[in-house]
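Colleague: Contents of start-v4.cif (mmCIF, C-alpha atoms and all ligand atoms):
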data_coords
loop_
_atom_site.label_atom_id
_atom_site.label_comp_id
_atom_site.auth_asym_id
_atom_site.auth_seq_id
_atom_site.Cartn_x
_atom_site.Cartn_y
_atom_site.Cartn_z
CA MET Q 25 15.43 -24.97 5.84
CA ASN Q 26 15.73 -25.04 2.04
CA ARG Q 27 16.32 -21.89 0.08
CA GLN Q 28 13.40 -19.47 0.49
CA ILE Q 29 11.90 -17.64 -2.44
CA TYR Q 30 9.97 -14.67 -1.10
CA PHE Q 31 7.36 -13.45 -3.57
CA ASP Q 32 5.05 -11.69 -1.11
CA ASN Q 33 6.44 -8.16 -1.18
CA ASN Q 34 3.01 -6.50 -1.14
CA ALA Q 35 2.55 -8.03 2.32
CA THR Q 36 5.88 -6.78 3.62
CA THR Q 37 9.48 -6.38 2.48
CA LYS Q 38 12.92 -7.31 3.74
CA CYS Q 39 14.67 -4.50 5.58
CA ASP Q 40 17.34 -2.88 3.40
CA GLU Q 41 20.86 -3.14 4.89
CA GLU Q 42 21.41 0.57 4.22
CA VAL Q 43 18.18 1.39 6.07
CA LEU Q 44 19.18 -0.81 8.98
CA ASN Q 45 22.66 0.75 9.16
CA ALA Q 46 21.14 4.24 9.15
CA MET Q 47 18.85 3.21 12.02
CA LEU Q 48 21.34 1.38 14.23
CA PRO Q 49 23.05 4.38 15.87
CA PHE Q 50 19.61 5.56 17.02
CA LEU Q 51 18.92 2.20 18.62
CA LYS Q 52 22.29 2.24 20.37
CA GLU Q 53 24.22 5.33 21.41
CA SER Q 54 21.95 8.11 20.02
CA TYR Q 55 18.92 7.20 22.08
CA GLY Q 56 18.01 10.73 23.23
CA ASN Q 57 14.60 12.30 22.99
CA PRO Q 58 14.44 14.74 20.04
CA SER Q 59 12.18 17.05 22.08
CA SER Q 60 14.94 17.60 24.68
CA ILE Q 61 16.70 20.93 24.55
CA TYR Q 62 20.24 19.77 25.48
CA GLU Q 63 22.82 18.89 22.80
CA PHE Q 64 22.27 15.12 23.06
CA GLY Q 65 18.70 15.47 21.87
CA LYS Q 66 19.46 18.31 19.44
CA ASP Q 67 21.57 16.21 17.03
CA ILE Q 68 18.80 13.67 16.97
CA LYS Q 69 16.24 16.36 16.23
CA GLU Q 70 18.34 17.45 13.24
CA LYS Q 71 18.34 13.90 11.92
CA VAL Q 72 14.55 13.74 12.26
CA VAL Q 73 14.38 16.98 10.25
CA TRP Q 74 16.56 15.29 7.59
CA ALA Q 75 14.24 12.25 7.46
CA ARG Q 76 11.16 14.43 7.12
CA LYS Q 77 12.85 16.26 4.24
CA GLN Q 78 13.47 12.96 2.38
CA VAL Q 79 9.85 11.87 2.73
CA ALA Q 80 8.60 15.32 1.67
CA LYS Q 81 10.85 15.17 -1.42
CA LEU Q 82 9.53 11.73 -2.31
CA LEU Q 83 5.96 13.05 -2.34
CA ASN Q 84 6.77 16.58 -3.56
CA ALA Q 85 5.23 17.86 -0.32
CA ASN Q 86 6.36 20.54 2.10
CA GLU Q 87 8.17 19.29 5.18
CA ASN Q 88 5.48 20.63 7.52
CA GLU Q 89 2.90 18.54 5.66
CA ILE Q 90 4.50 15.24 6.79
CA ILE Q 91 3.45 13.51 10.02
CA PHE Q 92 5.21 10.36 11.26
CA THR Q 93 2.78 7.70 12.47
CA SER Q 94 3.05 4.07 13.62
CA CYS Q 95 1.72 2.54 10.38
CA ALA Q 96 -0.38 3.32 7.35
CA SER Q 97 -3.48 1.94 9.06
CA GLU Q 98 -3.10 4.68 11.67
CA SER Q 99 -2.57 7.24 8.87
CA ASN Q 100 -5.70 6.11 7.03
CA ILE Q 101 -7.88 6.14 10.13
CA THR Q 102 -6.48 9.50 11.31
CA ALA Q 103 -7.21 11.09 7.93
CA ILE Q 104 -10.78 9.76 7.77
CA MET Q 105 -11.67 10.61 11.38
CA SER Q 106 -10.17 14.08 11.07
CA ALA Q 107 -12.28 14.78 7.98
CA VAL Q 108 -15.37 13.50 9.79
CA LYS Q 109 -14.73 15.52 12.97
CA ASN Q 110 -14.06 18.70 10.98
CA ASN Q 111 -17.32 18.43 9.05
CA PRO Q 112 -19.94 17.67 11.70
CA THR Q 113 -22.87 18.75 9.56
CA LYS Q 114 -22.14 16.32 6.71
CA ARG Q 115 -22.78 12.57 6.83
CA HIS Q 116 -21.83 11.07 3.45
CA ILE Q 117 -18.52 9.48 2.34
CA ILE Q 118 -17.53 7.90 -0.97
CA THR Q 119 -15.00 5.08 -1.14
CA THR Q 120 -14.60 1.86 -3.16
CA SER Q 121 -15.38 -1.76 -2.39
CA ILE Q 122 -11.72 -2.76 -2.87
CA GLU Q 123 -9.94 -0.64 -0.24
CA HIS Q 124 -7.65 -1.97 2.48
CA ALA Q 125 -9.28 -3.23 5.70
CA SER Q 126 -8.13 -0.14 7.63
CA ILE Q 127 -10.36 1.97 5.37
CA LEU Q 128 -13.26 -0.47 5.04
CA GLU Q 129 -13.47 -1.20 8.77
CA THR Q 130 -13.47 2.52 9.55
CA MET Q 131 -16.27 3.00 7.02
CA GLN Q 132 -18.20 0.17 8.67
CA TYR Q 133 -17.79 1.87 12.05
CA LEU Q 134 -19.05 5.16 10.60
CA GLU Q 135 -21.95 3.41 8.89
CA ASP Q 136 -22.90 1.84 12.23
CA ASN Q 137 -22.89 5.37 13.63
CA GLY Q 138 -25.28 6.93 11.18
CA TYR Q 139 -23.05 7.86 8.24
CA LYS Q 140 -24.01 6.98 4.69
CA ILE Q 141 -21.18 5.33 2.78
CA THR Q 142 -21.17 4.87 -0.99
CA TYR Q 143 -18.91 2.00 -2.06
CA LEU Q 144 -18.10 2.54 -5.74
CA SER Q 145 -18.36 -0.66 -7.72
CA VAL Q 146 -15.60 -2.09 -9.93
CA ASP Q 147 -15.85 -3.93 -13.24
CA SER Q 148 -14.48 -7.42 -13.91
CA LYS Q 149 -10.97 -5.96 -14.24
CA GLY Q 150 -11.26 -4.04 -10.97
CA LYS Q 151 -11.62 -0.64 -12.65
CA ILE Q 152 -13.79 2.12 -11.19
CA ASP Q 153 -16.08 4.40 -13.21
CA LEU Q 154 -15.52 8.12 -12.70
CA GLU Q 155 -19.08 8.84 -13.88
CA GLU Q 156 -20.36 6.72 -10.98
CA LEU Q 157 -18.13 8.77 -8.66
CA LYS Q 158 -19.49 12.06 -10.02
CA LYS Q 159 -23.09 10.84 -9.71
CA SER Q 160 -22.52 9.71 -6.11
CA ILE Q 161 -21.53 13.19 -4.93
CA ASN Q 162 -24.19 15.19 -3.10
CA GLN Q 163 -24.48 18.18 -0.75
CA ASP Q 164 -23.82 15.91 2.21
CA THR Q 165 -20.55 14.42 0.90
CA LEU Q 166 -17.60 15.26 3.12
CA LEU Q 167 -14.89 12.87 1.96
CA ILE Q 168 -13.72 10.73 -0.96
CA ALA Q 169 -11.27 7.96 0.05
CA ILE Q 170 -9.76 5.99 -2.83
CA MET Q 171 -6.50 4.04 -2.99
CA MET Q 172 -3.76 4.73 -5.51
CA ALA Q 173 -2.98 1.08 -6.23
CA ASN Q 174 -4.64 -2.10 -5.10
CA ASN Q 175 -2.65 -4.50 -2.93
CA GLU Q 176 -4.16 -7.68 -4.41
CA ILE Q 177 -4.51 -7.13 -8.15
CA GLY Q 178 -2.11 -4.19 -8.49
CA ASN Q 179 -4.53 -1.92 -10.39
CA ILE Q 180 -3.54 1.75 -10.52
CA TYR Q 181 -6.42 4.22 -10.07
CA PRO Q 182 -6.90 7.66 -11.72
CA ILE Q 183 -5.96 9.72 -8.67
CA LYS Q 184 -5.33 12.96 -10.56
CA GLU Q 185 -8.82 12.88 -12.12
CA ILE Q 186 -10.38 11.99 -8.76
CA GLY Q 187 -8.44 14.87 -7.16
CA GLU Q 188 -9.87 17.26 -9.72
CA ILE Q 189 -13.42 16.02 -9.14
CA ALA Q 190 -13.01 16.33 -5.36
CA LYS Q 191 -11.55 19.83 -5.63
CA LYS Q 192 -14.28 21.03 -7.97
CA ASN Q 193 -16.90 19.85 -5.49
CA HIS Q 194 -15.04 21.12 -2.37
CA ILE Q 195 -14.77 17.61 -0.93
CA ILE Q 196 -11.75 16.33 1.03
CA PHE Q 197 -9.83 13.64 -0.86
CA HIS Q 198 -7.84 10.98 1.02
CA CYS Q 199 -5.61 8.58 -0.89
CA ASP Q 200 -4.10 5.36 0.47
CA ALA Q 201 -0.84 5.24 -1.50
CA VAL Q 202 0.77 2.40 0.45
CA GLN Q 203 1.26 0.05 -2.49
CA ALA Q 204 2.16 2.78 -4.96
CA ILE Q 205 5.08 4.26 -3.04
CA GLY Q 206 8.36 3.40 -4.72
CA LYS Q 207 6.57 2.00 -7.75
CA ILE Q 208 4.91 5.13 -9.15
CA PRO Q 209 6.34 8.67 -8.84
CA ILE Q 210 3.98 10.65 -6.61
CA ASP Q 211 3.43 14.40 -6.64
CA VAL Q 212 0.80 15.35 -4.08
CA LYS Q 213 0.45 18.85 -5.54
CA GLU Q 214 -0.25 17.60 -9.05
CA LEU Q 215 -2.61 14.90 -7.75
CA GLN Q 216 -4.54 17.40 -5.61
CA VAL Q 217 -4.90 14.98 -2.73
CA ASP Q 218 -5.65 16.49 0.67
CA THR Q 219 -4.33 13.60 2.74
CA LEU Q 220 -2.26 10.56 1.75
CA SER Q 221 -0.87 7.58 3.60
CA MET Q 222 2.29 5.56 3.19
CA SER Q 223 3.90 2.67 5.06
CA GLY Q 224 7.59 1.99 5.74
CA HIS Q 225 7.53 -1.78 5.72
CA LYS Q 226 6.43 -1.91 2.08
CA ILE Q 227 9.58 0.00 1.11
CA HIS Q 228 12.20 -1.94 3.07
CA THR Q 229 12.07 -0.48 6.57
CA PRO Q 230 11.09 -2.65 9.55
CA LYS Q 231 7.40 -2.75 10.46
CA GLY Q 232 6.09 0.05 12.70
CA ILE Q 233 6.40 3.35 10.83
CA GLY Q 234 3.94 5.18 8.60
CA ILE Q 235 3.45 8.60 7.07
CA LEU Q 236 0.42 10.82 6.93
CA TYR Q 237 0.65 13.65 4.44
CA ILE Q 238 -1.76 16.50 5.24
CA ARG Q 239 -2.10 19.39 2.84
CA ASN Q 240 -1.15 22.71 4.38
CA ASN Q 241 -4.10 24.62 5.83
CA LEU Q 242 -6.42 21.62 5.78
CA PRO Q 243 -8.31 21.72 9.09
CA TYR Q 244 -7.00 18.77 11.08
CA ILE Q 245 -7.85 17.02 14.34
CA PRO Q 246 -5.36 14.42 15.61
CA LEU Q 247 -6.25 10.88 16.58
CA ILE Q 248 -3.49 10.82 19.22
CA PHE Q 249 -3.29 14.15 21.05
CA GLY Q 250 0.05 15.49 22.28
CA HIS Q 251 2.81 17.99 21.57
CA GLN Q 252 4.95 16.08 19.11
CA GLU Q 253 4.74 16.47 15.34
CA ASN Q 254 3.77 20.09 15.79
CA ASN Q 255 0.83 19.17 18.03
CA ARG Q 256 -0.56 16.87 15.35
CA ARG Q 257 0.40 13.44 16.71
CA GLY Q 258 1.33 12.73 20.31
CA GLY Q 259 3.87 10.13 21.39
CA THR Q 260 7.65 10.42 21.72
CA GLU Q 261 9.09 10.23 18.22
CA ASN Q 262 10.11 6.73 17.08
CA VAL Q 263 13.49 8.08 16.03
CA PRO Q 264 15.21 4.95 14.63
CA TYR Q 265 12.20 4.12 12.46
CA ILE Q 266 11.79 7.75 11.37
CA ILE Q 267 15.44 7.68 10.23
CA GLY Q 268 14.67 4.35 8.53
CA ILE Q 269 11.77 5.70 6.47
CA GLY Q 270 13.87 8.77 5.63
CA LYS Q 271 16.64 6.53 4.34
CA ALA Q 272 14.19 4.30 2.42
CA SER Q 273 12.74 7.42 0.77
CA GLU Q 274 16.24 8.65 -0.13
CA ILE Q 275 17.05 5.27 -1.71
CA ILE Q 276 13.91 5.45 -3.90
CA LEU Q 277 14.80 9.00 -4.95
CA GLU Q 278 18.38 8.04 -5.79
CA ASP Q 279 17.26 5.02 -7.81
CA ASN Q 280 14.71 7.22 -9.58
CA TYR Q 281 12.25 4.30 -9.99
CA GLU Q 282 14.73 2.34 -12.18
CA ILE Q 283 14.08 -0.83 -10.14
CA ASN Q 284 10.59 -1.01 -11.59
CA LYS Q 285 11.97 -1.88 -15.04
CA LYS Q 286 13.51 -5.01 -13.55
CA LEU Q 287 10.33 -5.84 -11.60
CA LYS Q 288 8.16 -5.48 -14.69
CA TYR Q 289 10.54 -7.60 -16.76
CA LEU Q 290 10.50 -10.37 -14.13
CA ARG Q 291 6.72 -10.20 -13.59
CA ASP Q 292 6.00 -10.28 -17.32
CA LYS Q 293 8.43 -13.17 -17.87
CA LEU Q 294 6.82 -15.07 -15.01
CA GLU Q 295 3.31 -14.56 -16.40
CA ASP Q 296 4.33 -15.39 -19.99
CA ASN Q 297 6.01 -18.62 -18.91
CA VAL Q 298 3.08 -19.63 -16.71
CA LYS Q 299 0.57 -18.99 -19.53
CA GLN Q 300 2.70 -21.03 -21.93
CA MET Q 301 3.23 -23.98 -19.59
CA ILE Q 302 -0.04 -24.26 -17.66
CA SER Q 303 -3.52 -24.56 -19.16
CA ASP Q 304 -6.61 -22.71 -17.96
CA VAL Q 305 -4.89 -19.79 -16.24
CA VAL Q 306 -6.62 -16.52 -15.41
CA ILE Q 307 -4.71 -13.36 -14.55
CA TYR Q 308 -6.83 -10.91 -12.61
CA GLY Q 309 -6.81 -7.11 -12.72
CA ASP Q 310 -6.36 -4.39 -15.30
CA LEU Q 311 -3.45 -5.86 -17.27
CA ASN Q 312 -2.79 -2.53 -19.02
CA ASN Q 313 -2.55 -0.44 -15.87
CA ARG Q 314 -1.02 -2.39 -13.00
CA LEU Q 315 1.87 -2.09 -10.57
CA PRO Q 316 4.98 -3.56 -12.19
CA ASN Q 317 5.58 -6.13 -9.45
CA THR Q 318 2.13 -7.66 -8.89
CA SER Q 319 0.38 -10.65 -10.44
CA SER Q 320 -2.85 -12.21 -9.25
CA MET Q 321 -3.34 -15.55 -10.97
CA ALA Q 322 -5.62 -18.56 -10.73
CA PHE Q 323 -5.60 -22.08 -12.18
CA LYS Q 324 -8.89 -23.76 -13.01
CA GLY Q 325 -9.89 -26.28 -10.34
CA VAL Q 326 -6.92 -25.55 -8.07
CA LYS Q 327 -7.74 -24.20 -4.61
CA SER Q 328 -5.36 -21.41 -3.68
CA GLU Q 329 -4.98 -22.52 -0.04
CA GLU Q 330 -3.86 -25.97 -1.21
CA LEU Q 331 -1.54 -24.48 -3.80
CA LEU Q 332 -0.03 -22.18 -1.19
CA LEU Q 333 0.78 -25.12 1.08
CA VAL Q 334 2.46 -27.09 -1.73
CA LEU Q 335 4.47 -24.05 -2.78
CA GLU Q 336 5.43 -23.46 0.84
CA SER Q 337 6.74 -27.03 1.03
CA PHE Q 338 9.00 -26.08 -1.91
CA GLY Q 339 10.27 -23.05 0.05
CA ILE Q 340 8.19 -20.48 -1.84
CA CYS Q 341 6.17 -17.73 -0.15
CA VAL Q 342 3.21 -16.23 -2.01
CA SER Q 343 -0.19 -15.29 -0.64
CA THR Q 344 -3.85 -15.82 -1.39
CA GLY Q 345 -4.65 -12.13 -1.04
CA SER Q 346 -3.98 -9.21 1.25
CA ALA Q 347 -1.69 -9.96 4.19
CA CYS Q 348 -4.23 -9.33 6.90
CA ASN Q 349 -6.59 -11.83 5.30
CA SER Q 350 -4.08 -14.48 4.37
CA MET Q 351 -4.91 -16.69 7.37
CA ILE Q 352 -8.61 -16.50 6.63
CA ALA Q 353 -9.95 -18.90 4.01
CA GLU Q 354 -12.57 -16.35 2.97
CA PRO Q 355 -12.51 -15.32 -0.68
CA SER Q 356 -10.82 -12.01 -1.44
CA HIS Q 357 -13.18 -9.03 -1.11
CA VAL Q 358 -11.38 -7.43 -4.05
CA LEU Q 359 -12.01 -10.29 -6.45
CA LYS Q 360 -15.53 -10.78 -5.11
CA ALA Q 361 -16.16 -7.14 -6.03
CA CYS Q 362 -14.84 -7.97 -9.55
CA HIS Q 363 -17.42 -10.81 -9.72
CA ALA Q 364 -14.59 -13.26 -10.36
CA ASP Q 365 -15.42 -16.98 -10.65
CA LEU Q 366 -13.69 -17.80 -7.37
CA GLU Q 367 -15.23 -21.27 -7.13
CA ASN Q 368 -13.24 -22.39 -10.15
CA TYR Q 369 -10.42 -19.87 -10.20
CA SER Q 370 -9.16 -19.04 -6.73
CA PRO Q 371 -6.24 -16.62 -6.81
CA ILE Q 372 -2.70 -16.57 -5.56
CA ARG Q 373 -0.92 -13.23 -5.36
CA ILE Q 374 2.68 -13.00 -6.47
CA SER Q 375 4.38 -9.74 -5.57
CA LEU Q 376 8.03 -9.24 -6.47
CA GLY Q 377 10.55 -6.99 -4.77
CA LYS Q 378 13.97 -5.53 -5.43
CA TYR Q 379 15.85 -8.52 -4.00
CA ASN Q 380 14.17 -11.06 -6.31
CA THR Q 381 16.17 -12.48 -9.20
CA GLU Q 382 15.50 -14.00 -12.62
CA GLU Q 383 16.80 -17.32 -11.30
CA GLU Q 384 14.12 -17.24 -8.60
CA VAL Q 385 11.44 -16.57 -11.21
CA ASP Q 386 12.63 -19.60 -13.21
CA ILE Q 387 12.66 -21.83 -10.11
CA PHE Q 388 9.23 -20.52 -9.13
CA VAL Q 389 7.69 -21.29 -12.53
CA LYS Q 390 9.09 -24.86 -12.48
CA ASN Q 391 7.73 -25.48 -8.99
CA LEU Q 392 4.40 -23.90 -9.81
CA ILE Q 393 3.94 -26.23 -12.80
CA THR Q 394 4.72 -29.23 -10.57
CA ALA Q 395 2.34 -28.01 -7.85
CA VAL Q 396 -0.58 -27.26 -10.20
CA ASN Q 397 -0.20 -30.60 -12.01
CA MET Q 398 -0.01 -32.45 -8.69
CA LEU Q 399 -3.19 -30.81 -7.37
CA ARG Q 400 -5.07 -31.29 -10.63
CA ARG Q 401 -4.14 -35.00 -10.73
CA LYS Q 402 -5.34 -35.42 -7.13
CA LYS Q 403 -8.88 -34.37 -8.10
N1 LIG Q 501 -3.19 0.11 2.72
C1 LIG Q 501 -2.81 -0.84 1.86
C2 LIG Q 501 -3.23 -0.75 0.43
C3 LIG Q 501 -2.03 -1.92 2.28
O1 LIG Q 501 -1.67 -2.87 1.42
C4 LIG Q 501 -1.65 -1.98 3.64
C5 LIG Q 501 -0.88 -3.13 4.16
O2 LIG Q 501 -0.99 -4.25 3.68
C6 LIG Q 501 -2.07 -0.95 4.50
C7 LIG Q 501 -2.84 0.07 4.01
C8 LIG Q 501 -1.72 -0.95 5.95
O3 LIG Q 501 -0.36 -0.68 6.17
P1 LIG Q 501 0.29 -0.88 7.62
O4 LIG Q 501 0.68 -2.32 7.69
O5 LIG Q 501 1.47 0.04 7.63
O6 LIG Q 501 -0.74 -0.51 8.60
#
Would you put the structure from the file into structure tokens?
Ligand code: PLP
Modeller:
Amino acid sequence: MNRQIYFDNNATTKCDEEVLNAMLPFLKESYGNPSSIYEFGKDIKEKVVWARKQVAKLLNANENEIIFTSCASESNITAIMSAVKNNPTKRHIITTSIEHASILETMQYLEDNGYKITYLSVDSKGKIDLEELKKSINQDTLLIAIMMANNEIGNIYPIKEIGEIAKKNHIIFHCDAVQAIGKIPIDVKELQVDTLSMSGHKIHTPKGIGILYIRNNLPYIPLIFGHQENNRRGGTENVPYIIGIGKASEIILEDNYEINKKLKYLRDKLEDNVKQMISDVVIYGDLNNRLPNTSSMAFKGVKSEELLLVLESFGICVSTGSACNSMIAEPSHVLKACHADLENYSPIRISLGKYNTEEEVDIFVKNLITAVNMLRRKK
């Protein structure tokens, strides 16, 4: 196969060698169960404590507020269902129309079971209106669930302000921070979130590990019952992956978010060159308040599925939207919510990661120009 250019880092990321090396001993010789009381398990338990500490530091949380899960989808669903089960007299939840499927599908399930869900609208740039949020709150509202950054357009949402509104109204606030982790410094205390989710495979661990942050003293009911994680999530600890997410968190802390300067430089260069070289381009999202690595762009008259296939034939991986929807030719629910002209401007999502280079951006732009011209000529 030709050289691959991987520009789909919001879907998943390459495992970091350092993360892999930290994990390997726990896949080989140190395979003990951390709940065992003999020495063999004890060392492993200490390493799990270390990993929890790294994640807690990354979020400015206390160690006992961190639960290891199998993925962020599990974290999201656990947080929502726990809030629901702890507030049996209330039946109203506020979320947005641009959340990840793990949130939206859970909301649909709750709606089917008698809950009232308010989906906050977004404007053409994907921004929400805090006045609409305030007006949506009523006596019956038990939960607000809003993401920190959108996976498709990269918008960053005003989590601190939402946290304040939730607190003032005594409503639980859950935040899906999957796409923000590693790109925006996060301080759960300052943000006043009650629960927050994060995923390892977006920050260079293998797939299969997530985090659920739960604020101390928040009443909590597990989704998976059992004795592990202080009785908050059953299942023998996935030690290698727990070490992996600990290491990935440590790497972010050591880098102190410096990588994002490079990502922003590359993303901005890519967009500037594309706008200069290709006519009729639209870039979606809030261009003044986006993740540094994400670009959602569309070219008049060019269908994104066709463009994706041509780019793939050049060895370039991008997506048409969120990973779980990328095999479905349905228009993105995020851009539909923005009332985007998807008939004429169907989007591709470019999401850069720490292993991408300037040379790759230059090759990408050249190939994109060829692909767009080819598809426009074909019409
Ligand atoms: N939330 C957001 C915003 C995401 O982008 C994703 C993954 O694409 C998830 C949640 C789900 O993460 P996981 O794959 O760990 O379940």
Colleague: How far is it from atom CA of Q:Pro58 to atom CA of Q:Gly268, in Å with one decimal?
Modeller: 15.5 Å
Colleague: Find the residues near ligand LIG 501 (chain Q). Use a cut-off of 9 Å, count only C-alpha atoms and all ligand atoms, and write them as a PyMOL selection string.
Modeller: chain Q and resi 34-36+94-100+123-127+171-176+200-204+221-226+231-235+346-348
Colleague: Which is closer to Q:Arg400 than all the others in Q:Leu144, Q:Leu331, Q:Ala80, Q:Val212, using all atoms listed in the file?
Modeller: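 Using all atoms listed in the file, Q:Arg400 sits closest to Q:Leu331.
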Colleague: Would you compute the distance between atom CA of Q:Ile101 and atom CA of Q:Asn254? Give it in Å to one decimal.
Modeller: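 Separating atom CA of Q:Ile101 from atom CA of Q:Asn254 is a distance of 19.0 Å.
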Colleague: Return the single residue from Q:Pro264, Q:Ser59, Q:Glu282, Q:Lys403 that is closest to Q:Lys324, with distances computed using only C-alpha atoms.
Modeller: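 Closest residue, counting only C-alpha atoms: Q:Lys403.
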Colleague: Skip stretch 150-152 of chain Q itself and residues of its chain fewer than 6 positions away, then list as a PyMOL selection string all residues within 10 Å of it, counting all atoms listed in the file.
Modeller: chain Q and resi 120-122+144+174+177-182+308-310+313+358-364
Colleague: For the selection just defined, write its residues with C-alpha atoms to a file, as a short mmCIF file (atom, residue, chain, number, x, y, z; two decimals), keeping the file's coordinate frame.
Modeller:
data_model
loop_
_atom_site.label_atom_id
_atom_site.label_comp_id
_atom_site.auth_asym_id
_atom_site.auth_seq_id
_atom_site.Cartn_x
_atom_site.Cartn_y
_atom_site.Cartn_z
CA THR Q 120 -14.60 1.86 -3.16
CA SER Q 121 -15.38 -1.76 -2.39
CA ILE Q 122 -11.72 -2.76 -2.87
CA LEU Q 144 -18.10 2.54 -5.74
CA ASN Q 174 -4.64 -2.10 -5.10
CA ILE Q 177 -4.51 -7.13 -8.15
CA GLY Q 178 -2.11 -4.19 -8.49
CA ASN Q 179 -4.53 -1.92 -10.39
CA ILE Q 180 -3.54 1.75 -10.52
CA TYR Q 181 -6.42 4.22 -10.07
CA PRO Q 182 -6.90 7.66 -11.72
CA TYR Q 308 -6.83 -10.91 -12.61
CA GLY Q 309 -6.81 -7.11 -12.72
CA ASP Q 310 -6.36 -4.39 -15.30
CA ASN Q 313 -2.55 -0.44 -15.87
CA VAL Q 358 -11.38 -7.43 -4.05
CA LEU Q 359 -12.01 -10.29 -6.45
CA LYS Q 360 -15.53 -10.78 -5.11
CA ALA Q 361 -16.16 -7.14 -6.03
CA CYS Q 362 -14.84 -7.97 -9.55
CA HIS Q 363 -17.42 -10.81 -9.72
CA ALA Q 364 -14.59 -13.26 -10.36
#
Colleague: Work out how far apart atom CA of Q:Leu154 and atom CA of Q:Gly206 are and give it in Å to one decimal.
Modeller: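 Here the two named atoms are 25.6 Å from each other.
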Colleague: Find the spatial neighbours of Q:Lys38, counting all atoms listed in the file, within a cut-off of 8 Å - ignore same-chain residues fewer than 6 positions away - and output them as a PDB file with C-alpha atoms, in the frame of the given file.
Modeller:
ATOM      1  CA  HIS Q 225       7.530  -1.780   5.720  1.00  0.00           C
ATOM      2  CA  HIS Q 228      12.200  -1.940   3.070  1.00  0.00           C
ATOM      3  CA  THR Q 229      12.070  -0.480   6.570  1.00  0.00           C
ATOM      4  CA  PRO Q 230      11.090  -2.650   9.550  1.00  0.00           C
TER       5      PRO Q 230
END
Colleague: Would you compute the box with edges along x, y and z of the file around stretch 146-156 of chain Q, including every atom the file lists for it and 6 Å extra on each side, and give its centre and edge lengths in Å to one decimal, as JSON?
Modeller:
{"center_x": -15.7, "center_y": 0.7, "center_z": -12.1, "size_x": 21.4, "size_y": 28.3, "size_z": 16.3}
Colleague: Of the candidates Q:Tyr289, Q:Asn280, Q:Glu261, Q:Val389, which one gets nearest to Q:Met301 if we count all atoms listed in the file?
Modeller: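 Of Q:Tyr289, Q:Asn280, Q:Glu261, Q:Val389, the one nearest Q:Met301, counting all atoms listed in the file, is Q:Val389.
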Colleague: Between Q:Ile340, Q:Leu366, Q:Val334, Q:Leu48, which residue has the minimum interatomic distance to Q:Ala322, considering all atoms listed in the file?
Modeller: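 Once distances to Q:Ala322 are computed over all atoms listed in the file, the minimum belongs to Q:Leu366.
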Colleague: In terms of the shortest atom-to-atom distance over only C-alpha atoms, which of Q:Leu166, Q:Ala395, Q:Ile205, Q:Ile118 is closest to Q:Ile227?
Modeller: Q:Ile205
Colleague: Using all atoms listed in the file, which of Q:Glu42, Q:Glu330, Q:Glu156, Q:Glu383 sits nearest Q:Thr119?
Modeller: Q:Glu156
Colleague: Taking 3 positions as the minimum chain separation for residues in the same chain, which residues sit within 12 Å of Q:Val305 when counting all atoms listed in the file? Answer as a VMD selection string.
Modeller: chain Q and resid 295 to 302 308 320 to 326 368 to 372 393 396
Colleague: Counting all atoms listed in the file, note down every residue that has an atom within 9 Å of the point (-6.6, 14.4, 13.0) (file coordinates), as a count of residues only.
Modeller: 18
Colleague: Please list as an MDAnalysis selection string every residue within 12 Å of Q:Thr142, counting all atoms listed in the file and excluding residues in the same chain fewer than 5 positions away.
Modeller: chainID Q and resid 115:121 128 131:132 134:135 156:162 164:170
Colleague: Taking (5.6, 21.7, -1.2) as a centre in this file's frame and 12 Å as the limit, can you find every polymer residue with an atom that close, using only C-alpha atoms, and give them as a ChimeraX atom specification?
Modeller: /Q:77,79-90,211-214,216,237-240
Colleague: Leaving out Q:Val342 and any residue of its chain fewer than 4 positions from it, which residues lie within 6 Å of it when counting all atoms listed in the file, given as a list in words?
Modeller: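 Returned residues: Phe31, Asp32 and Ile374 of chain Q.
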